[in-house]
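Below is input.tsv, which holds TSV, C-alpha atoms.
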chain	number	residue	atom	x	y	z
A	1	MET	CA	280.15	151.90	122.41
A	2	SER	CA	279.04	148.93	124.47
A	3	ALA	CA	280.18	145.92	126.46
A	4	LEU	CA	278.06	143.86	124.09
A	5	ASN	CA	280.36	142.35	121.44
A	6	LEU	CA	278.37	141.66	118.27
A	7	ASP	CA	281.39	140.02	116.65
A	8	ASP	CA	280.70	136.94	118.79
A	9	PHE	CA	277.65	136.12	116.67
A	10	ALA	CA	279.80	135.47	113.60
A	11	HIS	CA	281.45	132.62	115.51
A	12	LEU	CA	278.37	131.34	117.33
A	13	ILE	CA	276.03	131.07	114.35
A	14	GLU	CA	276.41	127.99	112.18
A	15	ARG	CA	274.56	127.17	108.99
A	16	PRO	CA	271.72	124.62	109.08
A	17	ASP	CA	273.19	121.12	108.82
A	18	GLY	CA	274.35	120.58	105.23
A	19	GLY	CA	274.61	116.82	105.62
A	20	VAL	CA	271.05	116.59	106.85
A	21	ARG	CA	269.90	118.77	103.96
A	22	ARG	CA	271.55	116.43	101.47
A	23	ALA	CA	269.87	113.47	103.18
A	24	ALA	CA	266.53	115.29	102.91
A	25	GLU	CA	267.17	115.89	99.19
A	26	GLU	CA	267.96	112.21	98.67
A	27	ARG	CA	264.79	111.20	100.50
A	28	ARG	CA	262.78	113.66	98.42
A	29	ALA	CA	264.05	112.00	95.25
A	30	ARG	CA	262.46	108.74	96.44
A	31	LEU	CA	259.02	110.13	97.30
A	32	SER	CA	255.97	109.02	95.35
A	33	VAL	CA	255.44	112.55	93.95
A	34	PRO	CA	257.92	113.31	91.12
A	35	PRO	CA	260.76	115.74	91.89
A	36	GLY	CA	259.82	119.31	91.05
A	37	ALA	CA	256.09	118.67	91.23
A	38	LEU	CA	255.81	120.42	94.60
A	39	GLY	CA	257.79	123.51	93.56
A	40	ARG	CA	259.22	125.53	96.43
A	41	LEU	CA	257.63	123.22	98.98
A	42	ASP	CA	260.52	120.82	98.36
A	43	GLU	CA	263.03	123.56	99.18
A	44	LEU	CA	261.12	124.54	102.33
A	45	GLY	CA	260.93	120.97	103.57
A	46	GLU	CA	264.67	120.48	103.08
A	47	TRP	CA	265.40	123.82	104.81
A	48	LEU	CA	263.35	122.76	107.83
A	49	ALA	CA	264.99	119.34	107.96
A	50	ALA	CA	268.43	120.97	108.02
A	51	ALA	CA	267.30	123.39	110.75
A	52	GLN	CA	265.86	120.55	112.82
A	53	GLN	CA	268.81	118.23	112.05
A	54	GLN	CA	266.33	115.47	111.31
A	55	VAL	CA	265.17	113.40	108.32
A	56	PRO	CA	262.30	113.01	107.81
A	57	VAL	CA	261.44	116.51	109.00
A	58	ARG	CA	259.12	116.92	111.98
A	59	PRO	CA	255.82	118.71	111.35
A	60	VAL	CA	255.71	122.32	112.60
A	61	ALA	CA	253.77	121.81	115.82
A	62	ARG	CA	254.57	124.83	118.00
A	63	PRO	CA	254.77	127.99	115.91
A	64	ARG	CA	254.75	131.35	117.68
A	65	VAL	CA	253.95	134.83	116.37
A	66	LEU	CA	256.10	137.57	117.91
A	67	LEU	CA	255.17	141.20	117.32
A	68	PHE	CA	257.67	143.83	118.49
A	69	ALA	CA	255.92	147.13	119.29
A	70	GLY	CA	257.20	150.69	119.47
A	71	ASP	CA	256.45	154.29	118.57
A	72	HIS	CA	258.90	156.39	116.56
A	73	GLY	CA	259.42	160.11	117.08
A	74	VAL	CA	259.79	160.68	113.36
A	75	ALA	CA	256.04	160.05	113.03
A	76	GLN	CA	255.57	163.59	114.40
A	77	LEU	CA	256.51	164.82	110.92
A	78	GLY	CA	253.40	163.31	109.37
A	79	VAL	CA	255.17	160.45	107.58
A	80	SER	CA	252.49	157.89	108.42
A	81	ALA	CA	248.77	157.61	107.77
A	82	ARG	CA	248.31	156.87	111.46
A	83	PRO	CA	248.66	159.57	114.15
A	84	ALA	CA	252.00	159.80	115.91
A	85	GLY	CA	252.06	157.84	119.15
A	86	SER	CA	249.13	155.59	118.28
A	87	THR	CA	250.89	152.22	118.41
A	88	ARG	CA	249.01	151.55	121.64
A	89	ASP	CA	245.81	151.21	119.58
A	90	LEU	CA	247.47	148.63	117.33
A	91	VAL	CA	248.61	146.66	120.37
A	92	ARG	CA	245.15	146.77	121.93
A	93	ALA	CA	243.55	145.48	118.71
A	94	VAL	CA	245.92	142.49	118.73
A	95	LEU	CA	245.28	141.79	122.42
A	96	ASP	CA	241.52	142.10	121.89
A	97	GLY	CA	241.70	139.64	119.00
A	98	THR	CA	240.34	142.06	116.39
A	99	SER	CA	243.46	142.72	114.28
A	100	PRO	CA	244.27	140.81	111.05
A	101	ALA	CA	247.25	139.16	112.77
A	102	ALA	CA	245.10	137.96	115.67
A	103	VAL	CA	242.46	136.53	113.33
A	104	LEU	CA	245.06	134.73	111.19
A	105	ALA	CA	246.97	133.40	114.22
A	106	ARG	CA	243.76	131.87	115.57
A	107	GLY	CA	243.06	130.32	112.19
A	108	VAL	CA	246.41	128.52	111.98
A	109	GLY	CA	246.63	127.67	115.67
A	110	ALA	CA	249.68	129.81	116.39
A	111	GLN	CA	250.17	131.44	119.77
A	112	LEU	CA	250.66	135.20	119.52
A	113	ARG	CA	252.88	137.35	121.71
A	114	VAL	CA	253.21	141.15	121.73
A	115	VAL	CA	256.38	142.72	123.16
A	116	ASP	CA	256.37	146.44	123.99
A	117	LEU	CA	259.82	147.99	123.56
A	118	ALA	CA	258.89	151.66	123.10
A	119	VAL	CA	255.14	152.18	122.97
A	120	ASP	CA	254.22	155.78	123.80
A	121	CYS	CA	251.70	155.20	126.57
A	122	ASP	CA	251.60	154.72	130.34
A	123	LEU	CA	252.68	151.28	131.49
A	124	GLU	CA	249.33	150.79	133.21
A	125	GLU	CA	247.50	150.93	129.87
A	126	LEU	CA	248.90	147.56	128.75
A	127	PRO	CA	249.32	144.20	130.49
A	128	GLU	CA	252.53	143.62	132.42
A	129	GLU	CA	253.51	140.62	130.27
A	130	VAL	CA	253.48	142.98	127.27
A	131	THR	CA	255.45	145.84	128.84
A	132	ARG	CA	258.06	143.98	130.88
A	133	HIS	CA	260.74	144.49	128.20
A	134	ARG	CA	260.02	148.18	127.56
A	135	VAL	CA	263.19	150.23	127.14
A	136	ARG	CA	261.70	153.71	126.84
A	137	ARG	CA	258.49	155.52	125.93
A	138	GLY	CA	258.83	156.18	122.20
A	139	SER	CA	262.08	156.38	120.23
A	140	GLY	CA	263.83	159.63	119.29
A	141	ARG	CA	263.14	161.63	116.12
A	142	ILE	CA	265.81	160.19	113.86
A	143	ASP	CA	266.03	163.13	111.45
A	144	ILE	CA	267.48	165.36	114.18
A	145	GLU	CA	268.48	163.10	117.10
A	146	ASP	CA	269.42	159.55	118.00
A	147	ALA	CA	266.59	157.08	118.37
A	148	LEU	CA	268.24	155.62	121.50
A	149	THR	CA	271.11	156.23	123.87
A	150	ALA	CA	273.94	153.70	123.85
A	151	GLU	CA	272.60	152.15	127.07
A	152	GLU	CA	269.07	151.90	125.68
A	153	ALA	CA	270.32	150.28	122.48
A	154	GLU	CA	272.17	147.61	124.43
A	155	ALA	CA	269.15	147.03	126.69
A	156	ALA	CA	266.85	146.61	123.66
A	157	PHE	CA	269.29	144.30	121.88
A	158	ARG	CA	269.67	142.14	124.99
A	159	ALA	CA	265.88	142.05	125.41
A	160	GLY	CA	265.61	140.60	121.90
A	161	MET	CA	268.25	138.00	122.72
A	162	ALA	CA	266.43	137.06	125.92
A	163	LEU	CA	263.17	136.63	124.00
A	164	ALA	CA	264.88	134.31	121.51
A	165	ASP	CA	266.19	132.21	124.40
A	166	GLU	CA	262.73	132.13	126.01
A	167	GLU	CA	261.13	130.87	122.82
A	168	ALA	CA	263.82	128.25	122.18
A	169	ASP	CA	263.61	127.01	125.78
A	170	ALA	CA	259.81	126.83	125.53
A	171	GLY	CA	260.02	124.51	122.52
A	172	THR	CA	258.92	126.97	119.84
A	173	ASP	CA	259.84	125.32	116.53
A	174	LEU	CA	259.13	128.24	114.18
A	175	VAL	CA	258.74	131.99	114.75
A	176	VAL	CA	256.58	134.33	112.69
A	177	LEU	CA	258.18	137.76	113.17
A	178	GLY	CA	256.35	141.07	112.79
A	179	ASP	CA	256.07	144.59	114.17
A	180	LEU	CA	253.50	147.01	115.52
A	181	SER	CA	254.70	150.55	114.99
A	182	VAL	CA	253.89	154.05	113.78
A	183	GLY	CA	256.87	155.51	111.95
A	184	GLY	CA	258.64	152.16	111.86
A	185	THR	CA	258.82	151.95	108.07
A	186	THR	CA	260.65	155.29	108.00
A	187	ALA	CA	263.31	154.00	110.40
A	188	ALA	CA	263.52	150.69	108.53
A	189	SER	CA	263.90	152.40	105.16
A	190	THR	CA	266.68	154.57	106.57
A	191	LEU	CA	268.58	151.50	107.76
A	192	ILE	CA	268.19	149.80	104.39
A	193	ALA	CA	269.23	152.88	102.41
A	194	ALA	CA	272.28	153.34	104.63
A	195	LEU	CA	273.40	149.72	104.37
A	196	CYS	CA	272.71	149.47	100.63
A	197	GLY	CA	274.31	152.84	99.86
A	198	THR	CA	271.29	154.21	98.07
A	199	ASP	CA	269.28	157.43	98.00
A	200	ALA	CA	266.23	158.18	100.13
A	201	SER	CA	263.84	158.37	97.17
A	202	VAL	CA	264.76	154.84	96.11
A	203	VAL	CA	263.57	153.28	99.38
A	204	THR	CA	260.67	155.52	100.37
A	205	GLY	CA	257.37	153.64	100.15
A	206	ARG	CA	253.77	154.33	101.08
A	207	GLY	CA	253.69	152.36	104.34
A	208	GLY	CA	251.22	149.81	105.64
A	209	ALA	CA	248.35	152.31	105.69
A	210	PRO	CA	249.08	154.06	102.36
A	211	ILE	CA	250.03	157.74	102.55
A	212	ASP	CA	249.34	160.52	100.03
A	213	ASP	CA	251.93	162.33	97.92
A	214	LEU	CA	252.58	165.11	100.45
A	215	ALA	CA	253.18	162.61	103.25
A	216	TRP	CA	255.46	160.64	100.90
A	217	MET	CA	257.56	163.77	100.30
A	218	ARG	CA	257.78	164.40	104.05
A	219	LYS	CA	258.81	160.80	104.58
A	220	CYS	CA	261.45	161.02	101.87
A	221	ALA	CA	262.88	164.20	103.41
A	222	ALA	CA	262.97	162.59	106.87
A	223	ILE	CA	264.84	159.56	105.52
A	224	ARG	CA	267.26	161.86	103.66
A	225	ASP	CA	268.03	163.77	106.88
A	226	ALA	CA	268.31	160.58	108.92
A	227	LEU	CA	270.73	159.14	106.36
A	228	ARG	CA	273.14	162.01	107.04
A	229	ARG	CA	273.23	160.86	110.64
A	230	ALA	CA	273.43	157.15	109.78
A	231	ARG	CA	276.37	157.14	107.38
A	232	PRO	CA	279.08	158.10	109.91
A	233	VAL	CA	278.24	155.07	112.11
A	234	LEU	CA	277.87	152.39	109.43
A	235	GLY	CA	280.84	150.49	110.82
A	236	ASP	CA	279.10	149.67	114.12
A	237	GLN	CA	275.71	148.03	113.78
A	238	LEU	CA	274.63	148.74	117.36
A	239	GLU	CA	275.54	152.42	116.95
A	240	LEU	CA	273.61	152.45	113.69
A	241	LEU	CA	270.50	151.04	115.39
A	242	ALA	CA	270.83	153.56	118.20
A	243	ALA	CA	271.18	156.44	115.73
A	244	VAL	CA	268.34	155.70	113.30
A	245	GLY	CA	266.63	152.47	114.36
A	246	GLY	CA	264.64	152.43	117.55
A	247	ALA	CA	264.06	150.12	120.49
A	248	ASP	CA	261.74	147.76	118.60
A	249	LEU	CA	264.05	147.40	115.58
A	250	THR	CA	267.09	146.95	117.81
A	251	ALA	CA	265.35	144.22	119.79
A	252	MET	CA	264.23	142.49	116.59
A	253	THR	CA	267.81	142.44	115.36
A	254	GLY	CA	269.00	140.89	118.62
A	255	PHE	CA	266.16	138.40	118.40
A	256	LEU	CA	267.06	137.34	114.85
A	257	LEU	CA	270.71	136.81	115.70
A	258	GLN	CA	270.10	134.88	118.91
A	259	SER	CA	267.40	132.78	117.21
A	260	ALA	CA	270.03	131.76	114.67
A	261	VAL	CA	272.37	130.86	117.52
A	262	ARG	CA	269.59	128.72	119.05
A	263	ARG	CA	268.75	127.16	115.65
A	264	THR	CA	265.19	128.51	115.59
A	265	PRO	CA	263.85	129.14	112.06
A	266	VAL	CA	262.04	132.44	111.44
A	267	ILE	CA	259.55	133.72	108.86
A	268	LEU	CA	260.12	137.43	108.16
A	269	ASP	CA	257.20	139.77	107.48
A	270	GLY	CA	257.57	143.19	105.85
A	271	VAL	CA	260.03	146.03	105.51
A	272	VAL	CA	260.73	146.38	109.25
A	273	SER	CA	261.77	142.76	109.76
A	274	ALA	CA	263.69	142.91	106.46
A	275	ALA	CA	265.66	145.93	107.73
A	276	CYS	CA	266.51	144.13	110.96
A	277	ALA	CA	267.53	141.06	108.97
A	278	LEU	CA	269.84	143.20	106.82
A	279	VAL	CA	271.52	144.65	109.92
A	280	ALA	CA	271.83	141.15	111.38
A	281	GLN	CA	273.42	139.88	108.17
A	282	ARG	CA	276.10	142.56	108.51
A	283	VAL	CA	276.83	141.17	111.97
A	284	ALA	CA	276.84	137.47	111.04
A	285	PHE	CA	276.79	136.46	107.37
A	286	ARG	CA	275.46	132.95	108.08
A	287	ALA	CA	272.38	134.17	109.98
A	288	PRO	CA	270.06	134.53	106.92
A	289	ASP	CA	270.21	130.77	106.37
A	290	TRP	CA	267.79	130.50	109.31
A	291	TRP	CA	265.13	132.78	107.79
A	292	VAL	CA	262.59	132.78	104.98
A	293	ALA	CA	260.74	135.83	103.69
A	294	GLY	CA	256.99	135.43	104.05
A	295	GLN	CA	255.71	137.86	101.45
A	296	ALA	CA	256.54	140.81	99.23
A	297	SER	CA	254.90	143.84	100.81
A	298	GLY	CA	255.39	146.16	97.86
A	299	GLU	CA	257.71	148.44	99.86
A	300	PRO	CA	260.74	149.29	97.70
A	301	ALA	CA	263.03	149.16	100.73
A	302	GLN	CA	261.93	145.61	101.53
A	303	ALA	CA	262.65	144.48	97.99
A	304	LYS	CA	266.13	146.02	98.13
A	305	ALA	CA	266.91	144.44	101.51
A	306	LEU	CA	265.71	140.97	100.52
A	307	ASP	CA	267.70	141.16	97.30
A	308	ARG	CA	270.81	142.01	99.30
A	309	ILE	CA	270.15	139.13	101.72
A	310	ALA	CA	269.26	136.79	98.81
A	311	LEU	CA	265.82	135.84	100.15
A	312	ASN	CA	262.95	135.28	97.73
A	313	PRO	CA	259.48	135.93	99.27
A	314	LEU	CA	257.13	132.95	99.39
A	315	LEU	CA	254.02	135.01	98.58
A	316	ASP	CA	253.10	138.18	96.71
A	317	HIS	CA	249.45	139.04	97.31
A	318	GLY	CA	249.72	142.81	97.74
A	319	VAL	CA	249.08	142.63	101.49
A	320	THR	CA	250.26	145.84	103.18
A	321	ALA	CA	248.58	145.45	106.59
A	322	GLY	CA	251.86	144.76	108.39
A	323	GLU	CA	251.66	143.38	111.94
A	324	GLY	CA	253.10	140.04	110.82
A	325	THR	CA	250.14	139.45	108.48
A	326	GLY	CA	252.21	138.55	105.42
A	327	ALA	CA	254.42	136.16	107.37
A	328	LEU	CA	251.33	134.57	108.92
A	329	LEU	CA	249.88	133.98	105.47
A	330	ALA	CA	253.08	132.10	104.60
A	331	LEU	CA	253.01	129.94	107.74
A	332	PRO	CA	250.54	127.35	106.32
A	333	LEU	CA	252.82	127.01	103.29
A	334	VAL	CA	255.78	126.16	105.52
A	335	GLN	CA	253.63	123.78	107.57
A	336	ALA	CA	252.43	122.10	104.39
A	337	ALA	CA	256.01	121.65	103.19
A	338	ALA	CA	256.94	119.94	106.45
A	339	ALA	CA	253.87	117.70	106.41
A	340	LEU	CA	254.44	116.60	102.81
A	341	ALA	CA	258.13	115.90	103.37
A	342	ALA	CA	257.36	113.88	106.49
A	343	GLU	CA	254.27	111.95	105.41
A	344	LEU	CA	254.41	111.26	101.67
A	345	PRO	CA	255.29	107.60	101.02
A	346	VAL	CA	258.77	106.66	99.85
A	347	ARG	CA	259.16	104.46	96.75
A	348	ASP	CA	260.91	101.11	97.18
Any chance you could give the structure as structure tokens?
Amino acid sequence: MSALNLDDFAHLIERPDGGVRRAAEERRARLSVPPGALGRLDELGEWLAAAQQQVPVRPVARPRVLLFAGDHGVAQLGVSARPAGSTRDLVRAVLDGTSPAAVLARGVGAQLRVVDLAVDCDLEELPEEVTRHRVRRGSGRIDIEDALTAEEAEAAFRAGMALADEEADAGTDLVVLGDLSVGGTTAASTLIAALCGTDASVVTGRGGAPIDDLAWMRKCAAIRDALRRARPVLGDQLELLAAVGGADLTAMTGFLLQSAVRRTPVILDGVVSAACALVAQRVAFRAPDWWVAGQASGEPAQAKALDRIALNPLLDHGVTAGEGTGALLALPLVQAAAALAAELPVRD
């Protein structure tokens, strides 16, 4: 389908340094706080040390929030509580500093970046630094047509890779990954159902802005129809993303894989980032070692994907706002783990 060879990632991605992790575990055993007293914070500190290849671990000093934005044609079917094509409003709220993600990012001192891959609006309506990676205006209606052409899928995937390189080169030491989309959970649930070999009803949730029963039935039917189109291309992950993903999900998948290549740890947010992580795992089985799941969103598709990837969410507070909110809530936990591992005194 493409000149882009995803098989290369399986060779390029290595696990976080096992020797460093063992050294971090040995150091933890000598800290003044008894082993086990810090719960999962111990595990997080050791994970970061292995990712950084350093003991003691460095504090997380330069986190970045990345929100991938795009509209999905399937939203025309009334599968979302938000109007089709209204992702622009979500983007504007983030840029204006009035969204939950913007408020939380300010609170934890994390820089926030929005990347438009397929927002359905004129380019002039958003800043150039937001739109410079746009692949198309909205993604196709996945129940009846491909979300992207082959060329668009490759362009979106490469855009995600380029963003991962930009962040690594800029010194970003941890990425909080989220999405801004209308119809994105429908595409994500389709990907998860296809890769897990399950039925549409098993993965269909209520979305970030909860939908009523009629909208849920429409969403379930759309996923069922999209699954018929997804199953024939399960052997090629880029074809799968082109068929039923979308530009934003394809770019997020490329970003996750290239971040693993560049040894940049990532906190995943909700069902959309979980779907991209599941696709990325199919490409390179070692990639999930570079990620943690921020929170359980309550979406059944997210739970199924994280179970398949073997990631246990750090938090479960019933937050369904999306936009990276759940992952942002987990960021202070990861920062605390690093600070404790680095600064607690070691027993003689």
- Using all atoms listed in the file, pick whichever of A:Val346, A:Val271, A:Ala37, A:Ala194 has the shortest atom-to-atom distance to Ala303 in chain A. A:Val271
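Between CA of Glu125 in chain A and CA of Arg113 in chain A the interatomic distance comes to 16.7 Å.
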- Task: Within 8 Å of Val74 in chain A, counting only C-alpha atoms, which residues show up once you throw out same-chain ones fewer than 2 positions away? Write them as a ChimeraX atom specification, please.
- Result: /A:72,76-79,140-143,183,186,222
- Kindly extract all protein, DNA and RNA residues lying within 10 Å of the coordinates (260.8, 140.2, 104.8) given in the file, considering only C-alpha atoms, and supply them as a ChimeraX atom specification. /A:177-178,267-278,291-297,302-303,305-306,309,311-314,324,326-327
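For the residues A:Pro332, A:Gly73, A:Gly205, A:Pro16, ranking by smallest atom-to-atom distance to Glu299 in chain A using all atoms listed in the file places A:Gly205 first.
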- Item | Near-Val20 in chain A list (7 Å; only C-alpha atoms; drop same-chain fewer than 4 positions) as a VMD selection string | chain A and resid 24 49 to 50 53 to 55
How about saving the chosen residues, C-alpha atoms kept, as an mmCIF file, in the coordinates of the input?
data_model
loop_
_atom_site.group_PDB
_atom_site.id
_atom_site.type_symbol
_atom_site.label_atom_id
_atom_site.label_comp_id
_atom_site.auth_asym_id
_atom_site.auth_seq_id
_atom_site.Cartn_x
_atom_site.Cartn_y
_atom_site.Cartn_z
ATOM 1 C CA ALA A 24 266.530 115.290 102.910
ATOM 2 C CA ALA A 49 264.990 119.340 107.960
ATOM 3 C CA ALA A 50 268.430 120.970 108.020
ATOM 4 C CA GLN A 53 268.810 118.230 112.050
ATOM 5 C CA GLN A 54 266.330 115.470 111.310
ATOM 6 C CA VAL A 55 265.170 113.400 108.320
#
- Could you check which of A:Val175, A:Val108, A:Ala69, A:Leu38 is closest to Asp120 in chain A, using only C-alpha atoms? A:Ala69
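Between CA of Arg132 in chain A and CA of Gln111 in chain A the interatomic distance comes to 18.5 Å.
Closest approach to Val60 in chain A among A:Ala159, A:Ala221, A:Leu331, A:Val182: A:Leu331, based on all atoms listed in the file.
Minimum atom-to-atom distance to Asn5 in chain A, evaluated using all atoms listed in the file, belongs to A:Val283 out of A:Val283, A:Ala110, A:Val65, A:Leu41.
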- May I ask for the distance between CA of Arg282 in chain A and CA of Ile192 in chain A, given in Å to one decimal place? 11.5 Å
